[in-house]
$ cat model_20.pdb   # PDB, C-alpha atoms and all ligand atoms
ATOM      1  CA  MET T1241      67.129 -86.285  97.775
ATOM      2  CA  ALA T1242      65.185 -88.120 100.476
ATOM      3  CA  ALA T1243      67.148 -90.380 102.804
ATOM      4  CA  LYS T1244      66.996 -94.157 102.588
ATOM      5  CA  ARG T1245      64.524 -95.462 105.131
ATOM      6  CA  ILE T1246      66.152 -98.190 107.247
ATOM      7  CA  ASP T1247      63.445-100.787 107.804
ATOM      8  CA  GLY T1248      63.704-102.456 111.211
ATOM      9  CA  LYS T1249      60.938-104.902 110.366
ATOM     10  CA  VAL T1250      62.865-106.320 107.406
ATOM     11  CA  ILE T1251      66.187-106.452 109.289
ATOM     12  CA  SER T1252      64.697-107.979 112.448
ATOM     13  CA  ALA T1253      62.945-110.620 110.298
ATOM     14  CA  ALA T1254      66.338-111.505 108.796
ATOM     15  CA  VAL T1255      67.828-111.810 112.305
ATOM     16  CA  LEU T1256      64.930-114.008 113.435
ATOM     17  CA  ASP T1257      65.331-116.262 110.367
ATOM     18  CA  ARG T1258      69.020-116.633 111.214
ATOM     19  CA  CYS T1259      68.066-117.387 114.841
ATOM     20  CA  ALA T1260      65.519-120.022 113.752
ATOM     21  CA  ALA T1261      68.213-121.800 111.739
ATOM     22  CA  GLU T1262      70.573-121.690 114.734
ATOM     23  CA  VAL T1263      67.880-123.091 117.040
ATOM     24  CA  ALA T1264      67.173-125.932 114.587
ATOM     25  CA  ALA T1265      70.909-126.769 114.510
ATOM     26  CA  LEU T1266      71.056-126.747 118.326
ATOM     27  CA  LYS T1267      68.042-129.043 118.558
ATOM     28  CA  GLU T1268      69.912-131.527 116.339
ATOM     29  CA  LYS T1269      72.452-131.585 119.170
ATOM     30  CA  ASN T1270      69.663-132.074 121.731
ATOM     31  CA  ILE T1271      69.985-128.515 123.045
ATOM     32  CA  GLU T1272      66.703-126.647 123.367
ATOM     33  CA  PRO T1273      67.306-122.955 124.112
ATOM     34  CA  CYS T1274      64.954-121.767 126.832
ATOM     35  CA  LEU T1275      64.060-118.270 128.034
ATOM     36  CA  ALA T1276      62.384-117.656 131.402
ATOM     37  CA  VAL T1277      60.601-114.345 131.871
ATOM     38  CA  ILE T1278      59.611-112.932 135.251
ATOM     39  CA  LEU T1279      56.751-110.463 135.240
ATOM     40  CA  VAL T1280      55.832-108.720 138.480
ATOM     41  CA  GLY T1281      52.465-106.965 138.622
ATOM     42  CA  GLU T1282      50.010-106.168 135.866
ATOM     43  CA  ASP T1283      51.411-103.132 134.090
ATOM     44  CA  PRO T1284      49.678-103.284 130.655
ATOM     45  CA  ALA T1285      52.749-102.116 128.703
ATOM     46  CA  SER T1286      54.918-104.753 130.401
ATOM     47  CA  GLN T1287      52.335-107.422 129.588
ATOM     48  CA  VAL T1288      52.459-106.448 125.907
ATOM     49  CA  TYR T1289      56.288-106.531 125.889
ATOM     50  CA  VAL T1290      56.311-109.976 127.523
ATOM     51  CA  ARG T1291      53.732-111.319 125.055
ATOM     52  CA  ASN T1292      55.804-110.018 122.123
ATOM     53  CA  LYS T1293      58.902-111.716 123.516
ATOM     54  CA  GLN T1294      57.007-114.998 123.875
ATOM     55  CA  ARG T1295      55.781-114.707 120.275
ATOM     56  CA  ALA T1296      59.325-114.195 119.031
ATOM     57  CA  CYS T1297      60.403-117.312 120.968
ATOM     58  CA  GLU T1298      57.598-119.328 119.354
ATOM     59  CA  ARG T1299      58.557-118.039 115.916
ATOM     60  CA  ILE T1300      62.143-119.261 116.153
ATOM     61  CA  GLY T1301      61.515-122.432 118.194
ATOM     62  CA  VAL T1302      62.886-121.277 121.557
ATOM     63  CA  ARG T1303      61.083-122.681 124.579
ATOM     64  CA  SER T1304      59.821-119.935 126.892
ATOM     65  CA  PHE T1305      57.731-119.587 129.984
ATOM     66  CA  THR T1306      56.624-116.697 132.150
ATOM     67  CA  ILE T1307      56.575-116.578 135.924
ATOM     68  CA  GLN T1308      53.806-114.148 136.778
ATOM     69  CA  LEU T1309      54.089-112.700 140.276
ATOM     70  CA  PRO T1310      51.620-110.363 141.980
ATOM     71  CA  ALA T1311      52.448-106.656 142.342
ATOM     72  CA  ASP T1312      52.843-107.038 146.120
ATOM     73  CA  THR T1313      55.567-109.705 145.804
ATOM     74  CA  ASP T1314      58.353-109.118 148.338
ATOM     75  CA  GLN T1315      62.021-108.863 147.407
ATOM     76  CA  GLN T1316      62.991-112.240 148.900
ATOM     77  CA  THR T1317      60.302-114.104 146.946
ATOM     78  CA  LEU T1318      61.564-112.501 143.758
ATOM     79  CA  LEU T1319      65.185-113.370 144.575
ATOM     80  CA  ASP T1320      64.147-116.962 145.372
ATOM     81  CA  GLU T1321      62.516-117.273 141.936
ATOM     82  CA  VAL T1322      65.697-115.989 140.308
ATOM     83  CA  ALA T1323      67.803-118.445 142.333
ATOM     84  CA  LYS T1324      65.632-121.355 141.143
ATOM     85  CA  LEU T1325      66.023-120.283 137.519
ATOM     86  CA  ASN T1326      69.778-119.782 137.976
ATOM     87  CA  ALA T1327      70.048-123.367 139.244
ATOM     88  CA  ASP T1328      67.889-124.911 136.493
ATOM     89  CA  PRO T1329      70.168-126.269 133.721
ATOM     90  CA  ALA T1330      67.234-126.340 131.273
ATOM     91  CA  VAL T1331      66.883-122.530 131.510
ATOM     92  CA  HIS T1332      69.475-120.620 129.474
ATOM     93  CA  GLY T1333      68.142-117.074 129.650
ATOM     94  CA  ILE T1334      66.463-115.129 132.458
ATOM     95  CA  LEU T1335      64.762-111.820 131.937
ATOM     96  CA  CYS T1336      62.859-109.799 134.477
ATOM     97  CA  GLN T1337      60.544-107.340 132.793
ATOM     98  CA  LEU T1338      61.277-103.812 133.999
ATOM     99  CA  PRO T1339      60.174-101.560 135.555
ATOM    100  CA  LEU T1340      59.506-103.391 138.794
ATOM    101  CA  PRO T1341      56.907-102.123 141.269
ATOM    102  CA  ARG T1342      58.453 -99.358 143.399
ATOM    103  CA  SER T1343      58.623-101.527 146.518
ATOM    104  CA  LEU T1344      61.216-103.806 144.853
ATOM    105  CA  ASP T1345      64.949-103.205 144.472
ATOM    106  CA  GLU T1346      65.817-103.428 140.775
ATOM    107  CA  ARG T1347      69.563-103.167 141.301
ATOM    108  CA  GLN T1348      69.635-106.105 143.714
ATOM    109  CA  LEU T1349      67.553-108.150 141.290
ATOM    110  CA  LEU T1350      69.912-107.481 138.372
ATOM    111  CA  LEU T1351      72.856-108.551 140.547
ATOM    112  CA  ALA T1352      71.064-111.797 141.446
ATOM    113  CA  ILE T1353      70.716-113.041 137.861
ATOM    114  CA  ASP T1354      73.540-115.380 136.824
ATOM    115  CA  PRO T1355      75.598-113.297 134.329
ATOM    116  CA  LYS T1356      75.690-116.288 131.949
ATOM    117  CA  LYS T1357      71.866-116.248 131.837
ATOM    118  CA  ASP T1358      71.534-112.456 131.785
ATOM    119  CA  VAL T1359      70.080-112.069 128.284
ATOM    120  CA  ASP T1360      69.414-108.338 128.789
ATOM    121  CA  ALA T1361      73.147-107.902 129.553
ATOM    122  CA  PHE T1362      72.388-105.545 132.457
ATOM    123  CA  HIS T1363      74.509-107.372 135.086
ATOM    124  CA  PRO T1364      77.700-105.433 135.994
ATOM    125  CA  VAL T1365      79.806-108.430 134.902
ATOM    126  CA  ASN T1366      78.316-108.212 131.415
ATOM    127  CA  VAL T1367      78.584-104.420 131.404
ATOM    128  CA  GLY T1368      82.277-104.874 132.263
ATOM    129  CA  GLN T1369      82.700-107.379 129.417
ATOM    130  CA  ILE T1370      81.199-104.847 127.013
ATOM    131  CA  THR T1371      83.604-102.203 128.300
ATOM    132  CA  ILE T1372      86.666-104.387 127.677
ATOM    133  CA  GLY T1373      85.299-105.560 124.330
ATOM    134  CA  SER T1374      84.907-109.258 125.145
ATOM    135  CA  ALA T1375      81.161-109.536 125.693
ATOM    136  CA  LYS T1376      79.172-112.489 124.375
ATOM    137  CA  LEU T1377      75.831-111.157 125.602
ATOM    138  CA  LEU T1378      75.194-107.663 124.258
ATOM    139  CA  PRO T1379      72.553-105.160 125.421
ATOM    140  CA  CYS T1380      69.664-105.736 123.043
ATOM    141  CA  THR T1381      68.802-102.249 121.794
ATOM    142  CA  PRO T1382      72.372-101.034 121.083
ATOM    143  CA  ALA T1383      73.213-104.441 119.577
ATOM    144  CA  GLY T1384      70.132-104.041 117.371
ATOM    145  CA  VAL T1385      71.431-100.685 116.138
ATOM    146  CA  MET T1386      74.812-102.244 115.279
ATOM    147  CA  GLU T1387      73.020-105.026 113.399
ATOM    148  CA  MET T1388      71.068-102.417 111.390
ATOM    149  CA  LEU T1389      74.266-100.583 110.459
ATOM    150  CA  ARG T1390      75.910-103.874 109.401
ATOM    151  CA  TYR T1391      72.880-104.947 107.380
ATOM    152  CA  GLU T1392      72.802-101.610 105.553
ATOM    153  CA  GLY T1393      76.546-101.730 104.874
ATOM    154  CA  ILE T1394      77.105 -98.512 106.843
ATOM    155  CA  GLU T1395      80.740 -98.367 107.900
ATOM    156  CA  VAL T1396      81.372 -97.170 111.471
ATOM    157  CA  GLU T1397      85.164 -97.185 111.386
ATOM    158  CA  GLY T1398      86.589 -93.684 111.184
ATOM    159  CA  LYS T1399      83.155 -92.059 111.439
ATOM    160  CA  HIS T1400      82.206 -89.472 114.010
ATOM    161  CA  CYS T1401      79.361 -91.116 115.942
ATOM    162  CA  VAL T1402      77.385 -88.829 118.237
ATOM    163  CA  VAL T1403      75.172 -90.538 120.803
ATOM    164  CA  LEU T1404      72.467 -88.491 122.493
ATOM    165  CA  GLY T1405      71.652 -89.992 125.901
ATOM    166  CA  ARG T1406      73.812 -91.746 128.497
ATOM    167  CA  SER T1407      71.440 -94.233 130.131
ATOM    168  CA  ASN T1408      72.786 -97.603 131.236
ATOM    169  CA  ILE T1409      70.489 -99.480 128.866
ATOM    170  CA  VAL T1410      70.887 -97.436 125.678
ATOM    171  CA  GLY T1411      73.275 -94.462 125.536
ATOM    172  CA  LYS T1412      76.350 -95.778 127.371
ATOM    173  CA  PRO T1413      76.441 -99.278 125.851
ATOM    174  CA  MET T1414      75.629 -97.783 122.423
ATOM    175  CA  ALA T1415      78.677 -95.542 122.690
ATOM    176  CA  LEU T1416      80.851 -98.513 123.715
ATOM    177  CA  LEU T1417      79.720-100.677 120.779
ATOM    178  CA  LEU T1418      80.369 -97.839 118.311
ATOM    179  CA  LEU T1419      83.790 -97.295 119.882
ATOM    180  CA  GLN T1420      84.545-101.005 119.563
ATOM    181  CA  ALA T1421      83.626-100.749 115.885
ATOM    182  CA  ASN T1422      86.321 -98.033 115.594
ATOM    183  CA  GLY T1423      84.008 -95.052 115.480
ATOM    184  CA  THR T1424      85.090 -91.769 117.059
ATOM    185  CA  VAL T1425      82.418 -91.324 119.686
ATOM    186  CA  THR T1426      80.918 -88.275 121.386
ATOM    187  CA  ILE T1427      78.254 -88.695 124.071
ATOM    188  CA  CYS T1428      75.810 -85.856 124.762
ATOM    189  CA  HIS T1429      73.319 -85.583 127.619
ATOM    190  CA  SER T1430      71.026 -83.131 129.375
ATOM    191  CA  ARG T1431      73.967 -81.020 130.606
ATOM    192  CA  THR T1432      75.554 -80.691 127.168
ATOM    193  CA  PRO T1433      75.432 -77.026 126.137
ATOM    194  CA  ASN T1434      74.750 -76.222 122.481
ATOM    195  CA  LEU T1435      73.687 -79.702 121.410
ATOM    196  CA  ALA T1436      73.507 -78.649 117.756
ATOM    197  CA  ALA T1437      77.249 -77.950 117.695
ATOM    198  CA  TYR T1438      77.775 -81.697 118.296
ATOM    199  CA  THR T1439      74.923 -83.119 116.224
ATOM    200  CA  ARG T1440      76.101 -81.117 113.175
ATOM    201  CA  GLN T1441      79.446 -82.936 113.341
ATOM    202  CA  ALA T1442      77.886 -86.394 113.376
ATOM    203  CA  ASP T1443      78.340 -88.814 110.491
ATOM    204  CA  ILE T1444      76.200 -91.232 112.495
ATOM    205  CA  LEU T1445      73.754 -89.668 114.977
ATOM    206  CA  VAL T1446      72.065 -91.987 117.476
ATOM    207  CA  CYS T1447      69.200 -90.344 119.365
ATOM    208  CA  ALA T1448      68.066 -91.860 122.668
ATOM    209  CA  VAL T1449      66.694 -88.936 124.632
ATOM    210  CA  GLY T1450      62.926 -89.300 124.554
ATOM    211  CA  LYS T1451      61.910 -85.824 123.302
ATOM    212  CA  GLU T1452      59.736 -85.356 120.252
ATOM    213  CA  LYS T1453      61.303 -83.198 117.479
ATOM    214  CA  LEU T1454      64.482 -82.616 119.473
ATOM    215  CA  ILE T1455      66.474 -83.049 116.267
ATOM    216  CA  THR T1456      65.513 -80.668 113.485
ATOM    217  CA  ALA T1457      66.925 -80.532 109.955
ATOM    218  CA  ASP T1458      69.262 -77.603 110.731
ATOM    219  CA  MET T1459      70.976 -79.755 113.406
ATOM    220  CA  VAL T1460      71.969 -82.484 110.951
ATOM    221  CA  LYS T1461      75.039 -82.709 108.718
ATOM    222  CA  PRO T1462      74.093 -83.358 105.083
ATOM    223  CA  GLY T1463      74.457 -87.070 104.318
ATOM    224  CA  ALA T1464      74.444 -88.179 107.975
ATOM    225  CA  VAL T1465      72.949 -91.488 109.118
ATOM    226  CA  LEU T1466      70.167 -90.950 111.661
ATOM    227  CA  ILE T1467      69.298 -93.700 114.131
ATOM    228  CA  ASP T1468      66.292 -92.835 116.272
ATOM    229  CA  VAL T1469      66.002 -95.143 119.273
ATOM    230  CA  SER T1470      63.364 -93.156 121.148
ATOM    231  CA  ILE T1471      59.718 -94.054 121.450
ATOM    232  CA  ASN T1472      57.586 -91.023 122.328
ATOM    233  CA  ARG T1473      53.928 -90.186 121.901
ATOM    234  CA  ASN T1474      53.048 -86.933 120.153
ATOM    235  CA  ALA T1475      50.054 -84.695 120.915
ATOM    236  CA  GLU T1476      47.800 -86.888 118.727
ATOM    237  CA  GLY T1477      48.885 -89.972 120.641
ATOM    238  CA  LYS T1478      50.963 -91.313 117.743
ATOM    239  CA  LEU T1479      54.358 -92.937 118.273
ATOM    240  CA  CYS T1480      57.341 -90.845 117.238
ATOM    241  CA  GLY T1481      61.056 -90.597 117.937
ATOM    242  CA  ASP T1482      63.394 -87.691 118.756
ATOM    243  CA  VAL T1483      63.899 -86.768 115.108
ATOM    244  CA  ASP T1484      61.673 -84.432 113.108
ATOM    245  CA  PHE T1485      61.354 -87.170 110.497
ATOM    246  CA  ASP T1486      60.216 -85.564 107.217
ATOM    247  CA  PRO T1487      62.482 -82.474 107.157
ATOM    248  CA  VAL T1488      65.479 -84.463 108.475
ATOM    249  CA  SER T1489      64.906 -87.081 105.738
ATOM    250  CA  GLU T1490      65.695 -84.356 103.202
ATOM    251  CA  VAL T1491      69.151 -83.818 104.738
ATOM    252  CA  ALA T1492      70.226 -87.288 105.949
ATOM    253  CA  SER T1493      71.428 -90.166 103.741
ATOM    254  CA  ALA T1494      69.688 -92.863 105.809
ATOM    255  CA  ILE T1495      67.187 -92.743 108.668
ATOM    256  CA  THR T1496      65.250 -95.123 110.905
ATOM    257  CA  PRO T1497      61.511 -94.464 111.291
ATOM    258  CA  VAL T1498      59.575 -94.644 114.559
ATOM    259  CA  PRO T1499      57.768 -97.000 114.765
ATOM    260  CA  GLY T1500      59.288 -99.731 112.595
ATOM    261  CA  GLY T1501      62.938 -98.804 113.077
ATOM    262  CA  VAL T1502      65.030 -99.774 116.097
ATOM    263  CA  GLY T1503      62.011-101.066 118.069
ATOM    264  CA  PRO T1504      61.667-104.470 116.328
ATOM    265  CA  MET T1505      65.422-105.026 116.565
ATOM    266  CA  THR T1506      65.435-105.163 120.362
ATOM    267  CA  ILE T1507      63.407-108.378 120.588
ATOM    268  CA  ALA T1508      65.338-109.958 117.717
ATOM    269  CA  MET T1509      68.606-109.342 119.584
ATOM    270  CA  LEU T1510      67.074-110.792 122.748
ATOM    271  CA  MET T1511      66.479-113.992 120.769
ATOM    272  CA  GLN T1512      70.071-113.883 119.563
ATOM    273  CA  ASN T1513      71.281-113.520 123.165
ATOM    274  CA  THR T1514      69.157-116.473 124.307
ATOM    275  CA  ILE T1515      70.766-118.660 121.652
ATOM    276  CA  THR T1516      74.236-117.370 122.559
ATOM    277  CA  ALA T1517      73.529-118.113 126.243
ATOM    278  CA  ALA T1518      72.395-121.661 125.363
ATOM    279  CA  LYS T1519      75.534-122.251 123.289
ATOM    280  CA  GLN T1520      77.758-120.862 126.026
ATOM    281  CA  GLN T1521      76.150-123.002 128.735
ATOM    282  CA  SER T1522      76.441-126.062 126.503
ATOM    283  CA  GLY T1523      80.154-125.488 125.996
ATOM    284  CA  LEU T1524      79.790-124.770 122.273
ATOM    285  CA  ILE T1525      81.368-121.319 122.480
TER
HETATM  286  P1  LIG Y1601      66.522 -92.277 129.871
HETATM  287  O1  LIG Y1601      67.054 -93.225 130.864
HETATM  288  O2  LIG Y1601      65.417 -91.339 130.222
HETATM  289  O3  LIG Y1601      67.747 -91.412 129.304
HETATM  290  C1  LIG Y1601      67.556 -90.287 128.511
HETATM  291  C2  LIG Y1601      68.888 -89.627 128.277
HETATM  292  O4  LIG Y1601      68.676 -88.443 127.510
HETATM  293  C3  LIG Y1601      69.611 -89.191 129.556
HETATM  294  O5  LIG Y1601      70.961 -89.583 129.501
HETATM  295  C4  LIG Y1601      69.458 -87.674 129.562
HETATM  296  O6  LIG Y1601      70.569 -86.991 130.124
HETATM  297  C5  LIG Y1601      69.416 -87.389 128.090
HETATM  298  N1  LIG Y1601      68.759 -86.102 127.804
HETATM  299  C6  LIG Y1601      67.627 -85.599 128.334
HETATM  300  N2  LIG Y1601      67.349 -84.398 127.798
HETATM  301  C7  LIG Y1601      68.329 -84.146 126.912
HETATM  302  C8  LIG Y1601      68.594 -83.067 126.026
HETATM  303  N3  LIG Y1601      67.793 -81.994 125.957
HETATM  304  N4  LIG Y1601      69.693 -83.128 125.256
HETATM  305  C9  LIG Y1601      70.512 -84.204 125.294
HETATM  306  N5  LIG Y1601      70.310 -85.260 126.103
HETATM  307  C10 LIG Y1601      69.226 -85.225 126.897
HETATM  308  O7  LIG Y1601      65.989 -93.044 128.583
HETATM  309  P2  LIG Y1601      66.468 -94.453 127.935
HETATM  310  O8  LIG Y1601      65.979 -95.580 128.724
HETATM  311  O9  LIG Y1601      67.892 -94.374 127.547
HETATM  312  O10 LIG Y1601      65.598 -94.396 126.595
HETATM  313  C11 LIG Y1601      65.737 -93.341 125.672
HETATM  314  C12 LIG Y1601      64.612 -93.433 124.662
HETATM  315  O11 LIG Y1601      64.730 -94.668 123.964
HETATM  316  C13 LIG Y1601      63.200 -93.438 125.272
HETATM  317  O12 LIG Y1601      62.329 -92.763 124.392
HETATM  318  C14 LIG Y1601      62.835 -94.919 125.317
HETATM  319  O13 LIG Y1601      61.444 -95.122 125.224
HETATM  320  C15 LIG Y1601      63.535 -95.420 124.083
HETATM  321  N6  LIG Y1601      63.907 -96.846 124.110
HETATM  322  C16 LIG Y1601      63.633 -97.564 123.005
HETATM  323  C17 LIG Y1601      64.002 -98.883 122.952
HETATM  324  C18 LIG Y1601      63.724 -99.650 121.714
HETATM  325  O14 LIG Y1601      63.601-100.850 121.742
HETATM  326  N7  LIG Y1601      63.645 -98.976 120.573
HETATM  327  C19 LIG Y1601      64.618 -99.505 124.046
HETATM  328  C20 LIG Y1601      64.915 -98.731 125.162
HETATM  329  C21 LIG Y1601      64.552 -97.378 125.188
HETATM  330  P3  LIG Y1601      70.950 -87.082 131.701
HETATM  331  O15 LIG Y1601      71.656 -88.405 131.861
HETATM  332  O16 LIG Y1601      71.830 -85.917 131.893
HETATM  333  O17 LIG Y1601      69.652 -87.012 132.461
END

$ encode --input "model_20.pdb" --output "structure tokens" --more "lines below"
Ligand code: NAP
Amino acid sequence: MAAKRIDGKVISAAVLDRCAAEVAALKEKNIEPCLAVILVGEDPASQVYVRNKQRACERIGVRSFTIQLPADTDQQTLLDEVAKLNADPAVHGILCQLPLPRSLDERQLLLAIDPKKDVDAFHPVNVGQITIGSAKLLPCTPAGVMEMLRYEGIEVEGKHCVVLGRSNIVGKPMALLLLQANGTVTICHSRTPNLAAYTRQADILVCAVGKEKLITADMVKPGAVLIDVSINRNAEGKLCGDVDFDPVSEVASAITPVPGGVGPMTIAMLMQNTITAAKQQSGLI
């Protein structure tokens, strides 16, 4: 039997509706959540991401503005912009669209953002909070995956969750959130020998590698839940994930498509973080 298709568009729309209601309630209290986005240079993909984030803000009633800086901006100018936003009480969330031009130091930038306004949750203080299980701001993509599992009523507790990938923005925080939800977690990476031996044990398999058709049907346990975070382009230029979708759908019990799976969740969770940041800075939580 074919697996249930987990629809990220439907679930992200539900999250955005919930966010819109929260924003309306905050406005009743004279709090207007506000997200500031810094965009350095003119990378077309980054411009699209920033526009999509602005649209999501408009949809739920969050105020947003973008500080557009030229590609040859120096590090100090960038840090000065961050410092101004940190000091502005009307700004609750700060996001710098990555990647930065090579001449700029990304690590120093992430450290400069006030952790309370760090809506990407990349600052080491927020990473630490995630590690000890007391984070308010959660990394958007892994938090989006957890939201999908909750929405679909997929229990994590007691399940063997195998995460493929150990990046700071997806794999590692994903593993921590699954662990916090009482999953038994295995993390695999490029040095893991015999990947299939691990994937075949997974009740929940989260793929965040970035390799088309890495996961074939013979690597999947019957009835497993497949979450495909990756966004790749195949030979025809079409978007695809790490999972060989059609054959794996015959083995899995539930699966996220690419596109239309985890992708839309990331922006929805960014909106959620902006609201959380506004509440936190207003003393409501
Ligand atoms: P990344 O930084 O390139 O990390 C990829 C990870 O995969 C690394 O940990 C790497 O291991 C591991 N890996 C590489 N080859 C492997 C193999 N053969 N077997 C097992 N593991 C292997 O990528 P990322 O930023 O985490 O993103 C992962 C994917 O998710 C990308 O396709 C990206 O476009 C997508 N993504 C989607 C969203 C969304 O909103 N849906 C958000 C962020 C990222 P090593 O650490 O050993 O090198």

$ residues_near_ligand --input "model_20.pdb" --ligand "ligand LIG 1601 (chain Y)" --cutoff "8 Å" --atoms "only C-alpha atoms and all ligand atoms" --output "number ranges by chain"
T: 1380-1381, 1404-1411, 1428-1432, 1435, 1447-1451, 1454, 1468-1472, 1481-1482, 1501-1507

$ residues_around --input "model_20.pdb" --residues "stretch 1412-1418 of chain T" --least-positions-apart "5" --cutoff "9 Å" --atoms "all atoms listed in the file" --output "list in words"
Val1367, Ile1370, Thr1371, Gly1373, Leu1378, Pro1379, Thr1381, Pro1382, Ala1383, Val1385, Met1386, Val1396, Glu1397, Cys1401, Val1402, Val1403, Gly1405, Arg1406, Ser1407, Gly1423, Thr1424, Val1425, Thr1426, Ile1427 and Val1446 of chain T

$ residues_around --input "model_20.pdb" --residues "stretch 1515-1522 of chain T" --least-positions-apart "5" --cutoff "9 Å" --atoms "all atoms listed in the file" --output "ChimeraX atom specification"
/T:1259,1262-1263,1266,1271-1274,1302,1329,1331-1333,1356-1359,1376-1377,1510

$ write_last_selection --input "model_20.pdb" --atoms "C-alpha atoms" --output "CSV table (one decimal), in the frame of the given file"
chain,number,residue,atom,x,y,z
T,1259,CYS,CA,68.1,-117.4,114.8
T,1262,GLU,CA,70.6,-121.7,114.7
T,1263,VAL,CA,67.9,-123.1,117.0
T,1266,LEU,CA,71.1,-126.7,118.3
T,1271,ILE,CA,70.0,-128.5,123.0
T,1272,GLU,CA,66.7,-126.6,123.4
T,1273,PRO,CA,67.3,-123.0,124.1
T,1274,CYS,CA,65.0,-121.8,126.8
T,1302,VAL,CA,62.9,-121.3,121.6
T,1329,PRO,CA,70.2,-126.3,133.7
T,1331,VAL,CA,66.9,-122.5,131.5
T,1332,HIS,CA,69.5,-120.6,129.5
T,1333,GLY,CA,68.1,-117.1,129.6
T,1356,LYS,CA,75.7,-116.3,131.9
T,1357,LYS,CA,71.9,-116.2,131.8
T,1358,ASP,CA,71.5,-112.5,131.8
T,1359,VAL,CA,70.1,-112.1,128.3
T,1376,LYS,CA,79.2,-112.5,124.4
T,1377,LEU,CA,75.8,-111.2,125.6
T,1510,LEU,CA,67.1,-110.8,122.7

$ residues_near_point --input "model_20.pdb" --point "(57.8, -108.2, 134.3)" --cutoff "10 Å" --atoms "all atoms listed in the file" --output "PDB file with C-alpha atoms, in the coordinates of the input"
ATOM      1  CA  VAL T1277      60.601-114.345 131.871  1.00  0.00           C
ATOM      2  CA  ILE T1278      59.611-112.932 135.251  1.00  0.00           C
ATOM      3  CA  LEU T1279      56.751-110.463 135.240  1.00  0.00           C
ATOM      4  CA  VAL T1280      55.832-108.720 138.480  1.00  0.00           C
ATOM      5  CA  GLY T1281      52.465-106.965 138.622  1.00  0.00           C
ATOM      6  CA  GLU T1282      50.010-106.168 135.866  1.00  0.00           C
ATOM      7  CA  ASP T1283      51.411-103.132 134.090  1.00  0.00           C
ATOM      8  CA  ALA T1285      52.749-102.116 128.703  1.00  0.00           C
ATOM      9  CA  SER T1286      54.918-104.753 130.401  1.00  0.00           C
ATOM     10  CA  GLN T1287      52.335-107.422 129.588  1.00  0.00           C
ATOM     11  CA  TYR T1289      56.288-106.531 125.889  1.00  0.00           C
ATOM     12  CA  VAL T1290      56.311-109.976 127.523  1.00  0.00           C
ATOM     13  CA  THR T1306      56.624-116.697 132.150  1.00  0.00           C
ATOM     14  CA  ILE T1307      56.575-116.578 135.924  1.00  0.00           C
ATOM     15  CA  GLN T1308      53.806-114.148 136.778  1.00  0.00           C
ATOM     16  CA  LEU T1309      54.089-112.700 140.276  1.00  0.00           C
ATOM     17  CA  ALA T1311      52.448-106.656 142.342  1.00  0.00           C
ATOM     18  CA  LEU T1335      64.762-111.820 131.937  1.00  0.00           C
ATOM     19  CA  CYS T1336      62.859-109.799 134.477  1.00  0.00           C
ATOM     20  CA  GLN T1337      60.544-107.340 132.793  1.00  0.00           C
ATOM     21  CA  LEU T1338      61.277-103.812 133.999  1.00  0.00           C
ATOM     22  CA  PRO T1339      60.174-101.560 135.555  1.00  0.00           C
ATOM     23  CA  LEU T1340      59.506-103.391 138.794  1.00  0.00           C
ATOM     24  CA  PRO T1341      56.907-102.123 141.269  1.00  0.00           C
TER      25      PRO T1341
END

$ atom_distance --input "model_20.pdb" --atom1 "atom CA of T:Ser1252" --atom2 "atom CA of T:Pro1499"
13.2 Å

$ atom_distance --input "model_20.pdb" --atom1 "atom CA of T:Met1511" --atom2 "atom CA of T:Cys1297"
6.9 Å

$ atom_distance --input "model_20.pdb" --atom1 "atom CA of T:Lys1244" --atom2 "atom CA of T:Ile1455"
17.6 Å

$ residues_near_point --input "model_20.pdb" --point "(71.2, -83.6, 108.5)" --cutoff "12 Å" --atoms "all atoms listed in the file" --output "PyMOL selection string"
chain T and resi 1241-1243+1436+1438-1445+1455-1467+1483-1495

$ resolve_selection --input "model_20.pdb" --expression "the PyMOL selection byres (((chain T and resi 1246) around 6) and not hetatm)" --output "PyMOL selection string"
chain T and resi 1245+1247+1495-1496
